[in-house]
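**Student:** Next comes protein.cif, mmCIF, C-alpha atoms:
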data_my_file
#
loop_
_atom_site.label_atom_id
_atom_site.label_comp_id
_atom_site.auth_asym_id
_atom_site.auth_seq_id
_atom_site.Cartn_x
_atom_site.Cartn_y
_atom_site.Cartn_z
CA MET A 658 -9.37 4.93 34.15
CA ARG A 659 -13.09 4.60 33.43
CA ARG A 660 -14.25 6.37 30.28
CA SER A 661 -17.66 7.86 29.78
CA TRP A 662 -19.52 8.59 26.57
CA PRO A 663 -20.20 12.27 27.43
CA ALA A 664 -16.50 12.92 28.02
CA LEU A 665 -15.58 11.22 24.71
CA ALA A 666 -18.29 13.14 22.85
CA VAL A 667 -17.22 16.49 24.31
CA GLY A 668 -13.55 15.75 23.53
CA GLY A 669 -14.34 14.89 19.92
CA VAL A 670 -16.55 17.93 19.40
CA LEU A 671 -13.97 20.26 20.99
CA MET A 672 -11.27 18.82 18.75
CA GLN A 673 -13.44 19.48 15.67
CA LEU A 674 -14.24 23.01 16.88
CA GLN A 675 -10.53 23.69 17.34
CA SER A 676 -9.85 22.47 13.81
CA ILE A 677 -12.51 24.78 12.36
CA LEU A 678 -11.31 27.81 14.31
CA ASP A 679 -7.70 26.97 13.49
CA SER A 680 -8.52 27.10 9.78
CA CYS A 681 -10.19 30.47 10.21
CA ASP A 682 -7.35 32.19 12.06
CA GLY A 683 -4.77 31.39 9.39
CA GLU A 684 -7.04 32.62 6.63
CA LEU A 685 -7.77 35.83 8.52
CA ALA A 686 -4.07 36.44 9.09
CA ARG A 687 -3.34 36.00 5.38
CA LEU A 688 -6.28 38.19 4.31
CA ARG A 689 -5.15 40.96 6.66
CA PHE A 690 -1.48 40.55 5.64
CA GLN A 691 -0.59 39.73 9.24
CA GLY A 692 1.02 36.34 8.63
CA SER A 693 4.50 35.71 9.99
CA LYS A 694 7.12 32.97 10.13
CA LEU A 695 6.51 32.65 13.87
CA GLY A 696 2.77 32.33 13.21
CA GLN A 697 3.42 29.52 10.71
CA TRP A 698 5.51 27.65 13.27
CA LEU A 699 3.05 28.14 16.09
CA ASP A 700 0.10 27.13 13.93
CA ASN A 701 1.69 23.92 12.62
CA LEU A 702 3.36 22.88 15.88
CA SER A 703 0.23 23.48 17.96
CA ASP A 704 -1.82 21.35 15.54
CA ASP A 705 0.70 18.52 15.66
CA LEU A 706 1.06 18.62 19.44
CA LEU A 707 -2.71 18.70 19.92
CA ASP A 708 -3.14 15.73 17.58
CA VAL A 709 -0.50 13.75 19.48
CA ALA A 710 -2.09 14.66 22.83
CA PHE A 711 -5.54 13.65 21.54
CA VAL A 712 -4.34 10.22 20.40
CA ILE A 713 -2.54 9.68 23.71
CA GLY A 714 -5.68 10.79 25.57
CA ALA A 715 -7.75 8.33 23.54
CA GLY A 716 -5.22 5.61 24.40
CA VAL A 717 -5.45 6.43 28.10
CA ALA A 718 -9.26 6.40 27.89
CA ALA A 719 -9.21 3.00 26.14
CA GLY A 720 -6.67 1.65 28.63
CA GLY A 721 -4.34 -1.34 28.55
CA ALA A 722 -2.54 -2.13 25.31
CA TRP A 723 -4.40 0.75 23.56
CA CYS A 724 -2.46 3.20 25.72
CA THR A 725 0.83 1.57 24.74
CA LEU A 726 -0.12 1.62 21.07
CA ALA A 727 -1.06 5.32 21.28
CA LEU A 728 2.24 6.19 22.99
CA VAL A 729 4.39 4.29 20.47
CA ALA A 730 2.53 5.71 17.46
CA SER A 731 2.67 9.21 18.93
CA GLY A 732 6.42 8.84 19.43
CA LEU A 733 6.77 7.85 15.77
CA ARG A 734 4.72 10.86 14.74
CA VAL A 735 6.80 13.25 16.86
CA PHE A 736 9.97 11.81 15.28
CA GLY A 737 8.53 12.18 11.76
CA GLN A 738 7.29 15.72 12.34
CA ALA A 739 10.67 16.72 13.80
CA VAL A 740 12.44 15.44 10.67
CA MET A 741 10.00 17.32 8.45
CA TYR A 742 10.25 20.60 10.37
CA HIS A 743 14.03 20.39 10.40
CA GLU A 744 14.16 20.02 6.63
CA VAL A 745 11.52 22.69 6.04
CA TYR A 746 13.48 25.15 8.14
CA ARG A 747 16.78 24.32 6.43
CA ARG A 748 15.20 24.82 3.00
CA THR A 749 12.94 27.80 3.60
CA GLY A 750 13.78 29.39 6.93
CA SER A 751 10.06 29.18 7.76
CA GLY A 752 7.53 26.82 9.29
CA ASP A 753 5.67 26.35 6.01
CA ALA A 754 5.00 22.60 6.14
CA TYR A 755 3.40 22.77 2.68
CA SER A 756 6.83 23.42 1.18
CA PHE A 757 8.08 20.00 2.31
CA ARG A 758 8.47 17.33 -0.35
CA ILE A 759 9.25 13.74 0.51
CA TRP A 760 11.96 12.00 -1.52
CA PHE A 761 9.61 10.79 -4.29
CA GLN A 762 7.79 14.11 -4.80
CA ARG A 763 8.85 16.78 -7.26
CA ASP A 764 9.85 20.15 -5.83
CA LYS A 765 7.42 22.01 -8.04
CA GLY A 766 4.03 20.60 -8.84
CA GLU A 767 0.69 21.81 -10.02
CA VAL A 768 -1.89 22.36 -7.29
CA GLN A 769 -4.00 19.50 -8.65
CA GLU A 770 -0.93 17.25 -8.70
CA VAL A 771 -0.07 17.98 -5.06
CA PHE A 772 -3.56 18.16 -3.53
CA GLY A 773 -5.77 16.37 -6.07
CA VAL A 774 -7.69 13.22 -5.23
CA LYS A 775 -6.82 10.92 -8.13
CA GLY A 776 -5.95 7.29 -7.81
CA VAL A 777 -5.22 5.31 -4.66
CA GLY A 778 -2.49 7.69 -3.48
CA GLY A 779 -4.75 10.71 -3.75
CA HIS A 780 -7.52 9.00 -1.80
CA LEU A 781 -5.10 7.88 0.91
CA ARG A 782 -3.67 11.39 1.13
CA ALA A 783 -7.24 12.72 1.55
CA LEU A 784 -7.84 10.30 4.45
CA PHE A 785 -4.78 11.62 6.22
CA ARG A 786 -5.49 15.33 5.81
CA ARG A 787 -5.97 16.99 9.19
CA ASP A 788 -9.49 18.20 8.52
CA THR A 789 -10.54 14.69 7.45
CA TYR A 790 -9.05 12.75 10.35
CA VAL A 791 -10.17 15.25 13.01
CA PHE A 792 -13.73 15.02 11.66
CA ALA A 793 -13.48 11.21 11.69
CA TRP A 794 -12.14 11.30 15.25
CA MET A 795 -15.11 13.42 16.31
CA LEU A 796 -17.57 10.98 14.73
CA LEU A 797 -15.80 8.03 16.36
CA CYS A 798 -15.89 9.76 19.76
CA LEU A 799 -19.60 10.53 19.33
CA CYS A 800 -20.12 6.80 18.64
CA GLY A 801 -18.04 5.84 21.71
CA GLN A 802 -15.37 4.18 19.55
CA VAL A 803 -12.24 5.47 21.29
CA GLU A 804 -10.26 2.39 20.25
CA ALA A 805 -10.91 3.30 16.60
CA VAL A 806 -9.50 6.78 17.30
CA VAL A 807 -6.35 5.10 18.63
CA ILE A 808 -6.15 2.86 15.55
CA TYR A 809 -6.60 5.79 13.11
CA GLY A 810 -4.12 7.94 15.04
CA SER A 811 -1.67 5.04 15.23
CA ILE A 812 -1.83 4.36 11.50
CA LEU A 813 -1.26 8.07 10.88
CA GLY A 814 1.61 8.32 13.38
CA GLY A 815 3.20 5.10 12.14
CA MET A 816 3.01 6.21 8.51
CA ILE A 817 4.55 9.61 9.30
CA GLY A 818 7.36 8.03 11.33
CA VAL A 819 8.17 5.34 8.78
CA LEU A 820 7.95 7.69 5.78
CA MET A 821 10.27 10.17 7.45
CA ALA A 822 12.75 7.42 8.40
CA LEU A 823 12.74 6.29 4.76
CA HIS A 824 13.05 9.90 3.69
CA LEU A 825 16.21 10.26 5.79
CA LEU A 826 17.65 7.14 4.16
CA LEU A 827 16.67 7.91 0.55
CA ARG A 828 16.65 11.68 0.14
CA GLY A 829 20.29 12.24 -0.64
CA PRO A 830 22.34 15.11 0.77
CA LEU A 831 20.54 18.02 2.42
CA PRO A 832 20.62 21.32 0.59
CA PRO A 833 22.79 23.94 2.29
CA PRO A 834 21.04 25.83 5.09
CA ARG A 835 19.21 28.95 4.06
CA ALA A 836 21.00 32.07 5.20
#
What do you get writing this file as structure tokens?
**Tutor:**
Amino acid sequence: MRRSWPALAVGGVLMQLQSILDSCDGELARLRFQGSKLGQWLDNLSDDLLDVAFVIGAGVAAGGAWCTLALVASGLRVFGQAVMYHEVYRRTGSGDAYSFRIWFQRDKGEVQEVFGVKGVGGHLRALFRRDTYVFAWMLLCLCGQVEAVVIYGSILGGMIGVLMALHLLLRGPLPPPRA
């Protein structure tokens, strides 16, 4: 498949626009007290599926081994997200991904502790926040660097998959399902 800069640029800008509008709809739902468990699930799942599709699309646009890398990394991400959503649902009965804690995180933490940008871990976490990587993907698409999108998406997908595999091995027994 032959890629073109205008198609890459439009794809990146549309992805960024979706991210901005996605942030607005959740805030509006909360402000109007119209949030729901189904809305949480749909919001989080649609973001994750769109991210996976975008990385695969970038891999197809880049062609060759880039497509294979995008598919493998996307598979790892889907596995990791499935593990996370399963545990979130068992613990909370909702799709609130922010309630998930990996094996080395405390269940309760201060906002600054969970979302702060201190130290190497905080800076890495900031690089892998959805708003950050979608913006980076847009910039990379505008620069015609679709392979870099695949690399960024593959690092993200690989980290999610590996962390969740380790989480399964190290977390201990699952809490009983929420009634």
**Student:** Between A:Val712, A:Leu827, A:Ala719, A:Leu699, which is the closest to A:Gly801 once you count all atoms listed in the file?
**Tutor:**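 Smallest separation from A:Gly801 among the options: A:Ala719.
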**Student:** Point out the residue among A:Leu685, A:Arg748, A:Ala715, A:Lys694 with the least atom-to-atom distance to A:Ala805, counting only C-alpha atoms.
**Tutor:**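 Checking each candidate against A:Ala805, we get A:Ala715 as the closest.
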**Student:** When you look at A:Val819 with a cut-off of 8 Å (counting only C-alpha atoms), what residues show up, excluding the ones that are within fewer than 3 positions of it in the same chain? I need them as a PyMOL selection string.
**Tutor:** chain A and resi 733+737+815-816+822-823
**Student:** Might you pull out every residue within 10 Å of A:Gly668, with only C-alpha atoms counted and same-chain residues fewer than 3 positions away left off, and present them as a list in words?
**Tutor:**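 After dropping sequence-adjacent residues, the list is Trp662, Pro663, Ala664, Leu665, Leu671, Met672, Gln673, Leu674, Phe711, Gly714, Ala715, Trp794, Met795, Cys798 and Leu799 of chain A.
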**Student:** Take the residues that were just selected and, keeping C-alpha atoms, output them as an mmCIF file, in the coordinates of the input.
**Tutor:**
data_model
loop_
_atom_site.group_PDB
_atom_site.id
_atom_site.type_symbol
_atom_site.label_atom_id
_atom_site.label_comp_id
_atom_site.auth_asym_id
_atom_site.auth_seq_id
_atom_site.Cartn_x
_atom_site.Cartn_y
_atom_site.Cartn_z
ATOM 1 C CA TRP A 662 -19.520 8.590 26.570
ATOM 2 C CA PRO A 663 -20.200 12.270 27.430
ATOM 3 C CA ALA A 664 -16.500 12.920 28.020
ATOM 4 C CA LEU A 665 -15.580 11.220 24.710
ATOM 5 C CA LEU A 671 -13.970 20.260 20.990
ATOM 6 C CA MET A 672 -11.270 18.820 18.750
ATOM 7 C CA GLN A 673 -13.440 19.480 15.670
ATOM 8 C CA LEU A 674 -14.240 23.010 16.880
ATOM 9 C CA PHE A 711 -5.540 13.650 21.540
ATOM 10 C CA GLY A 714 -5.680 10.790 25.570
ATOM 11 C CA ALA A 715 -7.750 8.330 23.540
ATOM 12 C CA TRP A 794 -12.140 11.300 15.250
ATOM 13 C CA MET A 795 -15.110 13.420 16.310
ATOM 14 C CA CYS A 798 -15.890 9.760 19.760
ATOM 15 C CA LEU A 799 -19.600 10.530 19.330
#
**Student:** To verify the selection step, state as a VMD selection string which residues the PyMOL selection byres ((chain A and resi 751) around 8) yields on this input.
**Tutor:** chain A and resid 694 to 695 697 to 698 745 to 746 749 to 750 752 to 753
**Student:** Quick one: of A:Glu804, A:Ala727, A:Asn701, A:Asp708, who's nearest to A:Tyr755, counting all atoms listed in the file?
**Tutor:**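 Selected residue with least distance to A:Tyr755: A:Asn701.
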**Student:** So which one's closest to A:Ile759, A:Leu688, A:Val667, A:Val791, A:Leu820? Using only C-alpha atoms, please.
**Tutor:**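 With only C-alpha atoms as the atom set, the closest residue is A:Leu820.
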**Student:** Pick out the closest residue to A:Ala718 from this set: A:Ser811, A:Thr789, A:Ser661, A:Gln691. Count all atoms listed in the file.
**Tutor:** A:Ser661
**Student:** Out of A:Val717, A:Ala666, A:Leu781, A:Cys724, which residue has the shortest atom-to-atom distance to A:Leu797 when counting only C-alpha atoms?
**Tutor:**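 Looking only at the distances to A:Leu797, the closest residue turns out to be A:Ala666.
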**Student:** Quick one, how far is atom CA of A:Arg786 from atom CA of A:Ser680?
**Tutor:** 12.8 Å
**Student:** Contacts of A:Met821 at 12 Å or less, counting all atoms listed in the file, minus same-chain residues fewer than 6 places along, as number ranges by chain?
**Tutor:** A: 733-744, 757-761, 814-815, 827-828
**Student:** Just how far from atom CA of A:Arg782 is atom CA of A:Asp704, in Å to one decimal?
**Tutor:**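 Atom CA of A:Arg782 lies 17.6 Å from atom CA of A:Asp704.
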**Student:** What is the distance between atom CA of A:Ile812 and atom CA of A:Ala730, in Å to one decimal?
**Tutor:**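 Those two atoms sit 7.5 Å apart.
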**Student:** I want to know what sits within 9 Å of A:Leu726, based on only C-alpha atoms, with residues of the same chain fewer than 4 positions away left out; could you give that as a list in words?
**Tutor:** Ile713, Gly716, Ala722, Ala730, Ser731, Val807, Ile808 and Ser811 of chain A
**Student:** Take every atom of stretch 737-753 of chain A listed in the file, fit an axis-aligned box around them, add 5 Å per side, and give the centre and edge lengths in Å to one decimal as JSON.
**Tutor:**
{"center_x": 11.2, "center_y": 20.8, "center_z": 8.4, "size_x": 21.1, "size_y": 27.2, "size_z": 20.8}
